[in-house]
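The file final_7.txt comes next; it holds compact mmCIF, C-alpha atoms and all ligand atoms.
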```
# COMPACT_ATOMS: atom_id res chain seq x y z
CA MET A 21 21.03 23.77 19.03
CA VAL A 22 22.92 23.95 15.74
CA SER A 23 21.17 24.38 12.40
CA LEU A 24 20.52 21.35 10.19
CA ASP A 25 23.07 22.70 7.69
CA GLN A 26 25.78 22.12 10.27
CA LEU A 27 25.03 18.40 10.46
CA PRO A 28 26.38 15.84 7.97
CA LEU A 29 22.84 15.19 6.71
CA ARG A 30 22.30 13.17 3.52
CA PRO A 31 22.33 15.68 0.66
CA GLU A 32 18.91 14.65 -0.68
CA LEU A 33 17.32 15.52 2.67
CA ARG A 34 18.79 19.01 2.84
CA GLY A 35 16.27 21.85 2.57
CA ARG A 36 13.26 19.54 2.98
CA THR A 37 10.37 20.20 5.34
CA PRO A 38 8.86 17.40 7.41
CA TYR A 39 5.34 16.19 6.66
CA GLY A 40 2.61 17.56 8.86
CA ALA A 41 -0.66 19.38 8.88
CA PRO A 42 -0.52 22.38 11.21
CA GLN A 43 -1.84 21.18 14.58
CA VAL A 44 -3.81 24.32 15.30
CA PRO A 45 -6.39 24.35 18.10
CA ALA A 46 -9.87 24.63 16.59
CA THR A 47 -13.40 23.70 17.59
CA TYR A 48 -13.88 21.67 14.42
CA ARG A 49 -10.76 19.83 13.23
CA LEU A 50 -11.54 18.85 9.67
CA ASN A 51 -7.99 18.67 8.37
CA THR A 52 -6.64 15.14 8.80
CA ASN A 53 -9.41 12.87 7.51
CA GLU A 54 -10.00 11.07 10.77
CA ASN A 55 -13.27 9.38 11.61
CA PRO A 56 -14.82 11.53 14.39
CA HIS A 57 -17.20 8.83 15.63
CA PRO A 58 -16.19 7.23 18.93
CA LEU A 59 -15.48 3.51 18.80
CA PRO A 60 -18.52 1.29 19.55
CA VAL A 61 -18.78 0.57 23.29
CA GLU A 62 -18.73 -3.20 22.76
CA LEU A 63 -15.42 -2.83 20.94
CA LEU A 64 -14.01 -0.69 23.74
CA ALA A 65 -14.86 -3.42 26.23
CA ASP A 66 -13.17 -6.09 24.10
CA LEU A 67 -10.22 -3.79 23.54
CA GLY A 68 -9.68 -3.29 27.26
CA ALA A 69 -9.83 -7.03 27.90
CA ALA A 70 -7.48 -7.79 24.99
CA LEU A 71 -4.94 -5.20 26.14
CA GLY A 72 -5.10 -6.50 29.71
CA HIS A 73 -4.50 -10.01 28.48
CA ALA A 74 -1.60 -8.97 26.24
CA ALA A 75 -0.07 -6.93 29.07
CA LEU A 76 0.39 -10.13 31.06
CA GLU A 77 2.95 -11.20 28.46
CA LEU A 78 4.76 -7.91 27.95
CA ASN A 79 7.99 -9.46 29.19
CA ARG A 80 8.01 -11.47 25.93
CA TYR A 81 8.62 -10.18 22.42
CA PRO A 82 5.45 -10.04 20.29
CA ASP A 83 4.60 -12.50 17.53
CA ARG A 84 7.17 -11.30 15.00
CA ASP A 85 5.00 -12.24 12.03
CA ALA A 86 1.64 -11.13 13.50
CA VAL A 87 0.12 -14.37 12.23
CA ALA A 88 -3.26 -14.16 14.00
CA LEU A 89 -3.79 -10.50 13.10
CA ARG A 90 -2.96 -11.16 9.45
CA ALA A 91 -5.53 -13.97 9.41
CA ASP A 92 -8.16 -11.58 10.81
CA LEU A 93 -7.30 -8.93 8.22
CA ALA A 94 -7.35 -11.49 5.39
CA HIS A 95 -10.81 -12.55 6.52
CA TYR A 96 -12.02 -8.93 6.56
CA LEU A 97 -10.63 -8.23 3.09
CA SER A 98 -12.12 -11.44 1.66
CA ARG A 99 -15.53 -10.72 3.16
CA THR A 100 -15.72 -7.11 2.01
CA SER A 101 -14.12 -7.40 -1.43
CA GLY A 102 -15.49 -10.77 -2.52
CA GLU A 103 -11.93 -11.72 -3.44
CA ALA A 104 -10.36 -14.62 -1.50
CA VAL A 105 -7.32 -13.20 0.31
CA GLU A 106 -5.11 -15.67 2.21
CA PRO A 107 -3.35 -14.73 5.47
CA ALA A 108 0.03 -15.32 3.75
CA GLN A 109 -0.89 -12.54 1.31
CA VAL A 110 -1.37 -9.99 4.09
CA TRP A 111 1.28 -7.99 5.92
CA ALA A 112 0.76 -5.45 8.72
CA ALA A 113 2.82 -2.57 10.13
CA ASN A 114 2.59 0.63 12.15
CA GLY A 115 0.24 2.54 9.91
CA SER A 116 0.16 2.24 6.14
CA ASN A 117 3.00 4.77 6.14
CA GLU A 118 5.26 2.04 7.49
CA ILE A 119 3.86 -0.40 4.94
CA LEU A 120 4.79 2.06 2.18
CA GLN A 121 8.22 2.55 3.71
CA GLN A 122 8.86 -1.19 3.78
CA VAL A 123 7.71 -1.49 0.17
CA LEU A 124 10.17 1.23 -0.84
CA GLN A 125 12.96 -0.33 1.22
CA ALA A 126 12.42 -3.62 -0.58
CA PHE A 127 11.60 -2.47 -4.10
CA GLY A 128 13.01 1.07 -4.26
CA GLY A 129 16.22 2.40 -2.72
CA ALA A 130 19.45 3.83 -4.07
CA GLY A 131 19.59 4.05 -7.84
CA ARG A 132 15.89 3.21 -8.15
CA ARG A 133 12.89 5.41 -8.93
CA ALA A 134 9.30 5.78 -7.83
CA LEU A 135 6.55 7.50 -9.81
CA GLY A 136 3.27 8.89 -8.51
CA PHE A 137 0.53 10.95 -10.12
CA THR A 138 0.44 14.26 -8.30
CA PRO A 139 -1.35 15.88 -6.62
CA SER A 140 -1.55 12.84 -4.42
CA TYR A 141 -0.55 11.71 -0.94
CA SER A 142 2.44 13.85 -0.06
CA MET A 143 4.11 11.11 1.97
CA HIS A 144 4.80 9.05 -1.16
CA PRO A 145 7.65 11.34 -2.30
CA ILE A 146 8.76 11.94 1.30
CA ILE A 147 9.10 8.23 2.10
CA SER A 148 10.81 7.79 -1.26
CA ALA A 149 13.39 10.39 -0.26
CA GLY A 150 13.84 8.77 3.13
CA THR A 151 14.61 5.43 1.51
CA GLY A 152 16.96 6.95 -1.07
CA THR A 153 14.48 6.29 -3.87
CA GLY A 154 14.34 8.85 -6.69
CA TRP A 155 10.92 10.45 -7.20
CA VAL A 156 9.19 11.47 -10.41
CA ASP A 157 5.93 13.44 -10.55
CA GLY A 158 3.42 11.86 -12.92
CA HIS A 159 0.75 13.88 -14.64
CA ARG A 160 -2.95 14.34 -14.09
CA ARG A 161 -5.49 16.22 -16.17
CA ALA A 162 -6.70 19.66 -15.01
CA ASP A 163 -9.74 17.91 -13.48
CA PHE A 164 -7.30 15.71 -11.47
CA THR A 165 -8.18 12.47 -13.26
CA ILE A 166 -5.38 10.30 -14.64
CA ASP A 167 -5.13 10.26 -18.42
CA VAL A 168 -4.45 6.56 -18.92
CA ASP A 169 -2.58 7.00 -22.22
CA ALA A 170 -0.34 9.71 -20.80
CA ALA A 171 0.27 7.63 -17.67
CA VAL A 172 1.17 4.53 -19.67
CA ALA A 173 3.50 6.56 -21.91
CA GLN A 174 5.22 8.06 -18.89
CA VAL A 175 5.62 4.68 -17.20
CA ARG A 176 7.10 3.17 -20.39
CA GLU A 177 9.53 6.05 -20.77
CA LEU A 178 10.68 6.28 -17.15
CA ARG A 179 10.65 2.58 -16.28
CA PRO A 180 10.04 3.26 -12.56
CA ASP A 181 10.69 0.53 -10.00
CA VAL A 182 7.66 1.51 -7.93
CA VAL A 183 4.46 3.20 -9.15
CA PHE A 184 1.95 4.67 -6.69
CA VAL A 185 -1.72 4.95 -7.57
CA THR A 186 -3.83 6.40 -4.74
CA SER A 187 -7.43 5.31 -5.02
CA PRO A 188 -9.52 7.07 -3.82
CA ASN A 189 -6.93 9.77 -4.32
CA ASN A 190 -5.88 12.12 -1.53
CA PRO A 191 -6.32 15.13 -1.67
CA THR A 192 -8.72 15.06 -4.63
CA GLY A 193 -11.02 12.25 -3.43
CA THR A 194 -11.75 10.41 -6.65
CA ALA A 195 -11.27 6.65 -7.11
CA VAL A 196 -9.19 5.44 -10.07
CA ALA A 197 -10.79 3.07 -12.60
CA LEU A 198 -9.50 -0.50 -12.46
CA GLU A 199 -8.71 -0.32 -16.19
CA THR A 200 -6.29 2.54 -15.48
CA ILE A 201 -4.56 0.47 -12.81
CA THR A 202 -4.22 -2.59 -15.03
CA ALA A 203 -2.91 -0.47 -17.92
CA ILE A 204 -0.27 1.08 -15.65
CA HIS A 205 0.57 -2.35 -14.24
CA ASP A 206 0.99 -3.84 -17.69
CA ALA A 207 3.25 -0.95 -18.78
CA THR A 208 5.80 -1.45 -15.99
CA GLU A 209 8.10 -4.17 -14.73
CA GLY A 210 8.14 -2.55 -11.29
CA VAL A 211 5.69 -2.96 -8.44
CA VAL A 212 2.43 -1.01 -8.49
CA VAL A 213 1.15 0.12 -5.10
CA VAL A 214 -2.53 0.96 -5.01
CA ASP A 215 -2.91 3.05 -1.85
CA GLU A 216 -6.48 2.33 -0.76
CA ALA A 217 -6.40 4.14 2.59
CA TYR A 218 -9.92 5.47 1.90
CA ALA A 219 -11.39 2.46 0.05
CA GLU A 220 -14.25 1.87 2.48
CA PHE A 221 -15.68 5.32 1.72
CA ALA A 222 -15.97 4.77 -2.03
CA ARG A 223 -19.31 5.35 -3.72
CA ALA A 224 -21.37 2.24 -4.49
CA GLY A 225 -20.11 0.24 -7.45
CA THR A 226 -16.45 1.21 -7.02
CA PRO A 227 -14.52 -2.06 -6.90
CA SER A 228 -11.29 -2.42 -4.93
CA ALA A 229 -8.01 -3.22 -6.65
CA LEU A 230 -8.01 -6.34 -4.46
CA THR A 231 -10.04 -7.91 -7.26
CA LEU A 232 -7.00 -7.45 -9.55
CA LEU A 233 -4.53 -9.37 -7.37
CA PRO A 234 -4.88 -12.88 -8.86
CA GLY A 235 -2.19 -13.34 -11.52
CA ARG A 236 -0.48 -10.00 -10.76
CA PRO A 237 2.39 -10.66 -8.34
CA ARG A 238 3.75 -7.12 -8.75
CA LEU A 239 0.51 -5.50 -7.55
CA ILE A 240 0.22 -4.35 -3.93
CA VAL A 241 -2.94 -2.97 -2.29
CA SER A 242 -2.37 -1.03 0.94
CA ARG A 243 -5.07 -0.32 3.52
CA THR A 244 -5.28 1.22 6.98
CA MET A 245 -7.30 1.10 10.19
CA SER A 246 -6.78 4.87 10.56
CA LYS A 247 -9.74 6.03 8.48
CA ALA A 248 -12.88 3.89 8.14
CA PHE A 249 -12.08 1.90 11.29
CA GLY A 250 -11.66 5.11 13.27
CA MET A 251 -8.43 3.92 14.88
CA ALA A 252 -5.85 6.46 13.68
CA GLY A 253 -4.24 6.47 17.12
CA LEU A 254 -3.58 2.74 16.95
CA ARG A 255 -1.15 2.97 14.01
CA LEU A 256 -2.12 -0.08 12.06
CA GLY A 257 -1.78 -0.36 8.30
CA TYR A 258 -1.67 -3.45 6.13
CA LEU A 259 -1.37 -4.69 2.59
CA ALA A 260 -2.57 -7.52 0.41
CA ALA A 261 -0.40 -8.86 -2.40
CA ASP A 262 1.16 -12.06 -3.66
CA ALA A 263 2.66 -13.99 -0.72
CA ALA A 264 6.10 -13.48 -2.32
CA VAL A 265 5.76 -9.72 -1.69
CA VAL A 266 5.20 -10.48 2.00
CA ASP A 267 8.37 -12.60 1.96
CA ALA A 268 10.24 -9.67 0.39
CA LEU A 269 9.08 -7.27 3.09
CA GLN A 270 10.30 -9.60 5.79
CA LEU A 271 13.81 -8.89 4.49
CA VAL A 272 13.53 -5.22 5.47
CA ARG A 273 11.14 -5.06 8.41
CA LEU A 274 12.62 -4.54 11.83
CA PRO A 275 12.26 -7.59 14.05
CA TYR A 276 9.18 -7.30 16.27
CA HIS A 277 8.13 -4.08 14.53
CA LEU A 278 4.50 -4.50 15.58
CA GLY A 279 4.13 -4.45 19.38
CA SER A 280 1.98 -6.98 21.18
CA LEU A 281 -0.39 -4.27 22.48
CA THR A 282 -0.90 -2.99 18.93
CA GLN A 283 -1.55 -6.49 17.64
CA ALA A 284 -3.99 -7.23 20.47
CA ALA A 285 -5.89 -3.96 20.00
CA ALA A 286 -6.07 -4.41 16.23
CA ARG A 287 -7.36 -7.96 16.67
CA ALA A 288 -10.26 -6.68 18.76
CA ALA A 289 -11.61 -4.65 15.84
CA PRO A 290 -12.55 -7.19 13.14
CA ALA A 291 -15.19 -8.80 15.39
CA HIS A 292 -16.97 -5.42 15.35
CA THR A 293 -16.56 -4.60 11.69
CA ASP A 294 -20.28 -4.11 11.12
CA ALA A 295 -20.61 -1.57 13.93
CA LEU A 296 -17.43 0.18 12.80
CA LEU A 297 -18.51 0.33 9.20
CA ALA A 298 -21.90 1.74 10.19
CA THR A 299 -20.08 4.99 10.89
CA VAL A 300 -18.72 4.86 7.35
CA ASP A 301 -22.22 5.17 5.90
CA ALA A 302 -22.91 8.11 8.19
CA VAL A 303 -19.69 9.83 7.09
CA LYS A 304 -20.47 9.19 3.42
CA ALA A 305 -23.87 10.84 3.89
CA GLU A 306 -22.16 13.92 5.36
CA ARG A 307 -19.67 13.97 2.49
CA ASP A 308 -22.51 13.92 -0.01
CA ARG A 309 -24.29 16.68 1.94
CA ILE A 310 -21.18 18.87 1.63
CA VAL A 311 -20.88 18.13 -2.10
CA GLU A 312 -24.54 19.00 -2.67
CA ALA A 313 -24.40 22.24 -0.67
CA LEU A 314 -21.34 23.70 -2.39
CA PRO A 315 -23.01 24.85 -5.65
CA GLN A 316 -25.52 26.91 -3.63
CA LEU A 317 -22.51 28.83 -2.30
CA GLY A 318 -21.11 29.34 -5.77
CA LEU A 319 -18.43 26.72 -5.16
CA THR A 320 -17.62 23.38 -6.70
CA SER A 321 -15.92 20.13 -5.68
CA VAL A 322 -14.05 17.20 -7.14
CA PRO A 323 -16.10 13.94 -7.17
CA SER A 324 -15.30 12.20 -3.88
CA ASP A 325 -15.06 8.52 -2.99
CA ALA A 326 -13.35 9.40 0.28
CA ASN A 327 -14.19 10.91 3.67
CA PHE A 328 -13.17 14.37 2.50
CA VAL A 329 -14.04 16.87 -0.21
CA LEU A 330 -11.69 19.05 -2.24
CA PHE A 331 -13.61 22.27 -2.80
CA GLY A 332 -13.04 25.50 -4.72
CA HIS A 333 -12.58 27.64 -6.51
CA VAL A 334 -11.40 30.13 -3.96
CA ALA A 335 -9.45 33.18 -4.99
CA ASP A 336 -6.78 32.68 -2.34
CA ALA A 337 -6.70 29.31 -0.56
CA GLY A 338 -4.52 30.62 2.29
CA LYS A 339 -6.90 33.51 3.05
CA ALA A 340 -10.00 31.30 2.83
CA TRP A 341 -8.30 28.76 5.13
CA GLN A 342 -7.66 31.51 7.69
CA ALA A 343 -11.20 32.90 7.39
CA LEU A 344 -12.63 29.45 8.14
CA LEU A 345 -10.24 28.99 11.05
CA ASP A 346 -11.33 32.37 12.42
CA ARG A 347 -14.80 30.79 12.59
CA GLY A 348 -13.49 27.71 14.42
CA VAL A 349 -13.24 25.40 11.41
CA LEU A 350 -9.83 23.94 10.56
CA VAL A 351 -9.57 22.57 7.01
CA ARG A 352 -6.48 21.65 5.00
CA ASP A 353 -4.64 23.88 2.58
CA VAL A 354 -3.07 21.18 0.44
CA GLY A 355 -1.07 23.62 -1.64
CA LEU A 356 -3.35 23.53 -4.69
CA PRO A 357 -4.12 27.07 -5.81
CA GLY A 358 -7.87 27.67 -5.63
CA TRP A 359 -8.70 24.55 -3.60
CA LEU A 360 -9.08 23.49 0.02
CA ARG A 361 -9.82 20.07 1.51
CA VAL A 362 -12.39 19.44 4.22
CA THR A 363 -12.86 16.18 6.13
CA ALA A 364 -16.43 14.86 6.29
CA GLY A 365 -17.42 13.78 9.78
CA THR A 366 -20.49 14.29 11.94
CA ALA A 367 -23.63 16.22 11.01
CA GLU A 368 -22.65 18.89 13.54
CA GLU A 369 -19.27 19.30 11.85
CA THR A 370 -20.92 19.59 8.44
CA ASP A 371 -23.30 22.25 9.80
CA ALA A 372 -20.42 24.22 11.31
CA PHE A 373 -18.38 23.99 8.12
CA LEU A 374 -21.24 24.99 5.82
CA THR A 375 -22.28 27.87 8.10
CA ALA A 376 -18.73 29.21 8.23
CA LEU A 377 -18.33 28.73 4.51
CA SER A 378 -21.58 30.52 3.71
CA GLU A 379 -20.36 33.49 5.78
CA ILE A 380 -17.11 33.76 3.86
CA ALA A 381 -17.95 32.31 0.42
CA ALA A 382 -18.99 35.53 -1.23
CA ASP A 383 -15.73 37.19 -0.20
CA HIS A 384 -13.46 34.34 -1.17
CA ARG A 385 -14.81 32.42 -4.14
CA THR A 386 -13.58 33.05 -7.60
CA THR A 387 -15.47 32.65 -10.86
CA LEU A 388 -15.44 29.07 -12.07
CA GLY A 389 -12.69 28.52 -14.58
CA GLU A 390 -10.56 31.39 -13.39
CA SER A 391 -8.61 29.21 -10.98
CA ASP A 392 -5.13 28.27 -12.06
CA ALA A 393 -5.53 24.82 -10.46
N1 LIG B 1 -2.30 6.77 2.39
C1 LIG B 1 -3.06 7.86 2.23
C2 LIG B 1 -3.60 8.15 0.87
C3 LIG B 1 -3.32 8.70 3.32
O1 LIG B 1 -4.06 9.80 3.15
C4 LIG B 1 -2.79 8.38 4.58
C5 LIG B 1 -3.02 9.24 5.81
N2 LIG B 1 -3.44 10.48 5.66
C6 LIG B 1 -2.00 7.25 4.68
C7 LIG B 1 -1.79 6.45 3.57
C8 LIG B 1 -1.30 6.85 5.96
O2 LIG B 1 -2.17 6.50 6.93
P1 LIG B 1 -1.73 5.66 8.19
O3 LIG B 1 -0.24 5.65 8.28
O4 LIG B 1 -2.40 6.31 9.33
O5 LIG B 1 -2.25 4.26 7.91
```
Once more with this new file: its structure as C-alpha cells, please.
Amino acid sequence: MVSLDQLPLRPELRGRTPYGAPQVPATYRLNTNENPHPLPVELLADLGAALGHAALELNRYPDRDAVALRADLAHYLSRTSGEAVEPAQVWAANGSNEILQQVLQAFGGAGRRALGFTPSYSMHPIISAGTGTGWVDGHRRADFTIDVDAAVAQVRELRPDVVFVTSPNNPTGTAVALETITAIHDATEGVVVVDEAYAEFARAGTPSALTLLPGRPRLIVSRTMSKAFGMAGLRLGYLAADAAVVDALQLVRLPYHLGSLTQAAARAAPAHTDALLATVDAVKAERDRIVEALPQLGLTSVPSDANFVLFGHVADAGKAWQALLDRGVLVRDVGLPGWLRVTAGTAEETDAFLTALSEIAADHRTTLGESDA
C-alpha cells in the first residue's frame, strides 16, 4: 500500500484524520451516545414482518422519494412538537450525517463557506471539507454557551452560506435558546441548520426549533433515529424545512439513496413511538443522576439536555480517560482540555461509571477554575 501523500488527493483533504471514536473493547461503552435499551419486542415483531414483506420486492428499486416514510416522520414531528409539519417538508437519508452532507452539497460547495460554533459536532467541519465547503469556527463563551451578540456579529461579518447550530449541543449537552437561533437566522442570508439529533432528551420546557419553521424558508431542522429511537444501526436521519429545501436536496441526492429495507424498517418504528420514547425518560433520569453525583466527587458538568454529560474538571483528560477504561468504562475524550463526555444509559451503566469515577476522581480532578477549557 502506498501512503496517502502519493495519491492525487484533493489538497484540502491532505493531512486530515477520519472521524471516529476509538472502537475499544470495554464492558461499558459510554462513548458514542447510543441508546442502550433494546428495542421493544412488539416493534421487533413488526420489524421482522416489514423486512420480510419488503424483501419480496428486492428485485425492484425502492421508492426513490420515500413518500410513505416521510409521511410517518411528518406525523411524528407534528405530534411531538405541536407544530404542523407536512410530508412535503420532510426529507430522509442514511443517518443525519447524510442529511447534512446533502444540505452542504446543495447550499455549500466550492467557493462557499459554513460556520459552526465550536466545540460542536465534529462532523460538521468534516462534511464541509468533503463537499469543498470552507469552514469557519464560530465562538462560544468559556461556559460553552453561545453569546448571541458575538454570534450575530460574526455571521454579519463572514456572510456564511450555511450556519450550523447544534441544539442540544454535542459534546457540551446544552440546548440553544430559540431567540439565539432566530437572531442568527435573521443575521444571515444563508441556510441555518439546527442539528437536533438529541432533541428528544431535552429537559422539560425546551422547545424544538421546529416551532420556528413557519415563515423561515432558510431554516432546516435535522433529526435522527440513531439516538432517542435507539436505532443507530438502521442509519436513518431526516429533516424538516420548507418544501422548497426538500426540492433543492433532490438535485443532489443519489437516486434510490434510501434502500427499501431501510425504509421498511424505519416505517415500523413510528407505530411504537410511545414505547420507544419511554426509554428516553429512563435515560434522562440516569443523565440527571450522573449530573447530581458529580459534585460529591469534586467534579462539575455542563447543563445537559442530551443523553450524555460533559464532566470535568480533570487535570489530564487523556489520563482520566485511560484510568476509567482500565476499570472497564469507555467514555469519550472529545479533545477539550479538562473535560470528558459520558453517555447516559442504563442504571447499571451509571453505577459502573460512578463507581469507577469515585475510585479515580481524587487522583485526576483539578481545582475548579484551574482548567484551561
Ligand atoms: N448530529 C449530531 C449532533 C450527532 O452527535 C450525531 C451522531 N453522533 C449526528 C448528527 C449523526 O447521527 P446519525 O448520522 O447517526 O443520524
Around ligand LIG 1 (chain B), which protein and nucleic acid residues have at least one atom no more than 7 Å from it, if we count only C-alpha atoms and all ligand atoms? List them as a JSON list (two decimals) with C-alpha atoms, in the frame of the given file.
```json
[["chain", "number", "residue", "atom", "x", "y", "z"],
["A", 52, "THR", "CA", -6.64, 15.14, 8.80],
["A", 53, "ASN", "CA", -9.41, 12.87, 7.51],
["A", 114, "ASN", "CA", 2.59, 0.63, 12.15],
["A", 115, "GLY", "CA", 0.24, 2.54, 9.91],
["A", 116, "SER", "CA", 0.16, 2.24, 6.14],
["A", 117, "ASN", "CA", 3.00, 4.77, 6.14],
["A", 118, "GLU", "CA", 5.26, 2.04, 7.49],
["A", 141, "TYR", "CA", -0.55, 11.71, -0.94],
["A", 186, "THR", "CA", -3.83, 6.40, -4.74],
["A", 189, "ASN", "CA", -6.93, 9.77, -4.32],
["A", 190, "ASN", "CA", -5.88, 12.12, -1.53],
["A", 215, "ASP", "CA", -2.91, 3.05, -1.85],
["A", 216, "GLU", "CA", -6.48, 2.33, -0.76],
["A", 217, "ALA", "CA", -6.40, 4.14, 2.59],
["A", 218, "TYR", "CA", -9.92, 5.47, 1.90],
["A", 243, "ARG", "CA", -5.07, -0.32, 3.52],
["A", 244, "THR", "CA", -5.28, 1.22, 6.98],
["A", 245, "MET", "CA", -7.30, 1.10, 10.19],
["A", 246, "SER", "CA", -6.78, 4.87, 10.56],
["A", 252, "ALA", "CA", -5.85, 6.46, 13.68],
["A", 255, "ARG", "CA", -1.15, 2.97, 14.01],
["A", 256, "LEU", "CA", -2.12, -0.08, 12.06],
["A", 257, "GLY", "CA", -1.78, -0.36, 8.30]]
```
> With only C-alpha atoms as the basis for distance, which of A:Val354, A:Leu97, A:Val156, A:Ala229 is at the shortest distance from A:Glu199?
Replying inline: A:Ala229
> Hey, what's within 9 Å of A:Phe184 if we count all atoms listed in the file and toss same-chain stuff fewer than 4 positions away? As a list of chain:residue names, please?
Replying inline: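 Within the cut-off, the hits are A:Ala134, A:Leu135, A:Gly136, A:Phe137, A:His144, A:Val211, A:Val212, A:Val213, A:Val214, A:Asp215.
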> So which one's closest to A:Leu254, A:Ala113, A:Ala343, A:Leu198, A:Leu274? Using all atoms listed in the file, please.
Replying inline: A:Ala113
>> At a cut-off of 12 Å, using all atoms listed in the file, what residues contact stretch 72-86 of chain A? Leave out same-chain residues fewer than 2 positions from it and give the result as an NGL selection string.
In response: :A and (65-70 or 88-93 or 107-108 or 110-114 or 256 or 258 or 266-267 or 269-270 or 273-288)
Could you save the residues just selected, with C-alpha atoms, as an mmCIF file, in the frame of the given file?
```cif
data_model
loop_
_atom_site.group_PDB
_atom_site.id
_atom_site.type_symbol
_atom_site.label_atom_id
_atom_site.label_comp_id
_atom_site.auth_asym_id
_atom_site.auth_seq_id
_atom_site.Cartn_x
_atom_site.Cartn_y
_atom_site.Cartn_z
ATOM 1 C CA ALA A 65 -14.860 -3.420 26.230
ATOM 2 C CA ASP A 66 -13.170 -6.090 24.100
ATOM 3 C CA LEU A 67 -10.220 -3.790 23.540
ATOM 4 C CA GLY A 68 -9.680 -3.290 27.260
ATOM 5 C CA ALA A 69 -9.830 -7.030 27.900
ATOM 6 C CA ALA A 70 -7.480 -7.790 24.990
ATOM 7 C CA ALA A 88 -3.260 -14.160 14.000
ATOM 8 C CA LEU A 89 -3.790 -10.500 13.100
ATOM 9 C CA ARG A 90 -2.960 -11.160 9.450
ATOM 10 C CA ALA A 91 -5.530 -13.970 9.410
ATOM 11 C CA ASP A 92 -8.160 -11.580 10.810
ATOM 12 C CA LEU A 93 -7.300 -8.930 8.220
ATOM 13 C CA PRO A 107 -3.350 -14.730 5.470
ATOM 14 C CA ALA A 108 0.030 -15.320 3.750
ATOM 15 C CA VAL A 110 -1.370 -9.990 4.090
ATOM 16 C CA TRP A 111 1.280 -7.990 5.920
ATOM 17 C CA ALA A 112 0.760 -5.450 8.720
ATOM 18 C CA ALA A 113 2.820 -2.570 10.130
ATOM 19 C CA ASN A 114 2.590 0.630 12.150
ATOM 20 C CA LEU A 256 -2.120 -0.080 12.060
ATOM 21 C CA TYR A 258 -1.670 -3.450 6.130
ATOM 22 C CA VAL A 266 5.200 -10.480 2.000
ATOM 23 C CA ASP A 267 8.370 -12.600 1.960
ATOM 24 C CA LEU A 269 9.080 -7.270 3.090
ATOM 25 C CA GLN A 270 10.300 -9.600 5.790
ATOM 26 C CA ARG A 273 11.140 -5.060 8.410
ATOM 27 C CA LEU A 274 12.620 -4.540 11.830
ATOM 28 C CA PRO A 275 12.260 -7.590 14.050
ATOM 29 C CA TYR A 276 9.180 -7.300 16.270
ATOM 30 C CA HIS A 277 8.130 -4.080 14.530
ATOM 31 C CA LEU A 278 4.500 -4.500 15.580
ATOM 32 C CA GLY A 279 4.130 -4.450 19.380
ATOM 33 C CA SER A 280 1.980 -6.980 21.180
ATOM 34 C CA LEU A 281 -0.390 -4.270 22.480
ATOM 35 C CA THR A 282 -0.900 -2.990 18.930
ATOM 36 C CA GLN A 283 -1.550 -6.490 17.640
ATOM 37 C CA ALA A 284 -3.990 -7.230 20.470
ATOM 38 C CA ALA A 285 -5.890 -3.960 20.000
ATOM 39 C CA ALA A 286 -6.070 -4.410 16.230
ATOM 40 C CA ARG A 287 -7.360 -7.960 16.670
ATOM 41 C CA ALA A 288 -10.260 -6.680 18.760
#
```
>> For a quick check of understanding, using all atoms listed in the file, which of A:Gly365, A:Gly348, A:Pro323, A:Gly338 has the smallest distance to A:Thr47?
In response: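 When distances to A:Thr47 are compared using all atoms listed in the file, the smallest one comes from A:Gly348.
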>> as a PyMOL selection string, please: the residues near A:Ala337 (cut-off 7 Å, all atoms listed in the file, same-chain neighbours under 4 positions excluded).
In response: chain A and resi 341+353+357-360
>> Using all atoms listed in the file, which protein or nucleic acid residues come within 7 Å of A:Ala222? Drop anything in the same chain fewer than 3 positions from it, and give the result as a list in words.
In response: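 So, after excluding close chain neighbours, the residues are Ala219, Thr226, Asp325 and Ala326 of chain A.
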Grab the residues selected above and save them as an mmCIF file, in the frame of the given file with C-alpha atoms.
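Just written: selection.cif:
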```cif
data_model
loop_
_atom_site.group_PDB
_atom_site.id
_atom_site.type_symbol
_atom_site.label_atom_id
_atom_site.label_comp_id
_atom_site.auth_asym_id
_atom_site.auth_seq_id
_atom_site.Cartn_x
_atom_site.Cartn_y
_atom_site.Cartn_z
ATOM 1 C CA ALA A 219 -11.390 2.460 0.050
ATOM 2 C CA THR A 226 -16.450 1.210 -7.020
ATOM 3 C CA ASP A 325 -15.060 8.520 -2.990
ATOM 4 C CA ALA A 326 -13.350 9.400 0.280
#
```
Produce a table with one row for each residue of stretch 281-316 of chain A that has an atom at most 10 Å from any atom of stretch 378-385 of chain A, each row naming the nearest atom pair and its distance in Å at one decimal; use all atoms listed in the file; arrange rows by chain and rising residue number; format as JSON lines.
```
{"residue": "A:Ala313", "atom": "CA", "partner": "A:Ser378", "partner_atom": "CA", "distance": 9.8}
{"residue": "A:Leu314", "atom": "CA", "partner": "A:Ser378", "partner_atom": "CA", "distance": 9.2}
{"residue": "A:Gln316", "atom": "CA", "partner": "A:Ser378", "partner_atom": "CA", "distance": 9.1}
```
>> To one decimal place in Å, what is the distance between atom CA of A:Gly150 and atom CA of A:Leu120?
In response: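 Calculated distance between atom CA of A:Gly150 and atom CA of A:Leu120 is 11.3 Å.
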>> Taking 2 positions as the minimum chain separation for residues in the same chain, which residues sit within 12 Å of A:Leu33 when counting all atoms listed in the file? Answer as a count of residues only.
In response: 21
> For A:Val183, which residue out of A:Val329, A:Ile201, A:Ala305, A:Leu259 is the nearest one, using only C-alpha atoms?
Replying inline: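 Once distances to A:Val183 are computed over only C-alpha atoms, the minimum belongs to A:Ile201.
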> Which is closest to A:Ala248 among A:Thr202, A:Thr370, A:Ser187, A:Asn327, if we use all atoms listed in the file?
Replying inline: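 Between A:Thr202, A:Thr370, A:Ser187, A:Asn327, the residue approaching A:Ala248 most closely is A:Asn327.
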> Pick from A:Pro139, A:Leu50, A:Arg179, A:Gln174: nearest to A:Arg161, with all atoms listed in the file counted?
Replying inline: A:Pro139
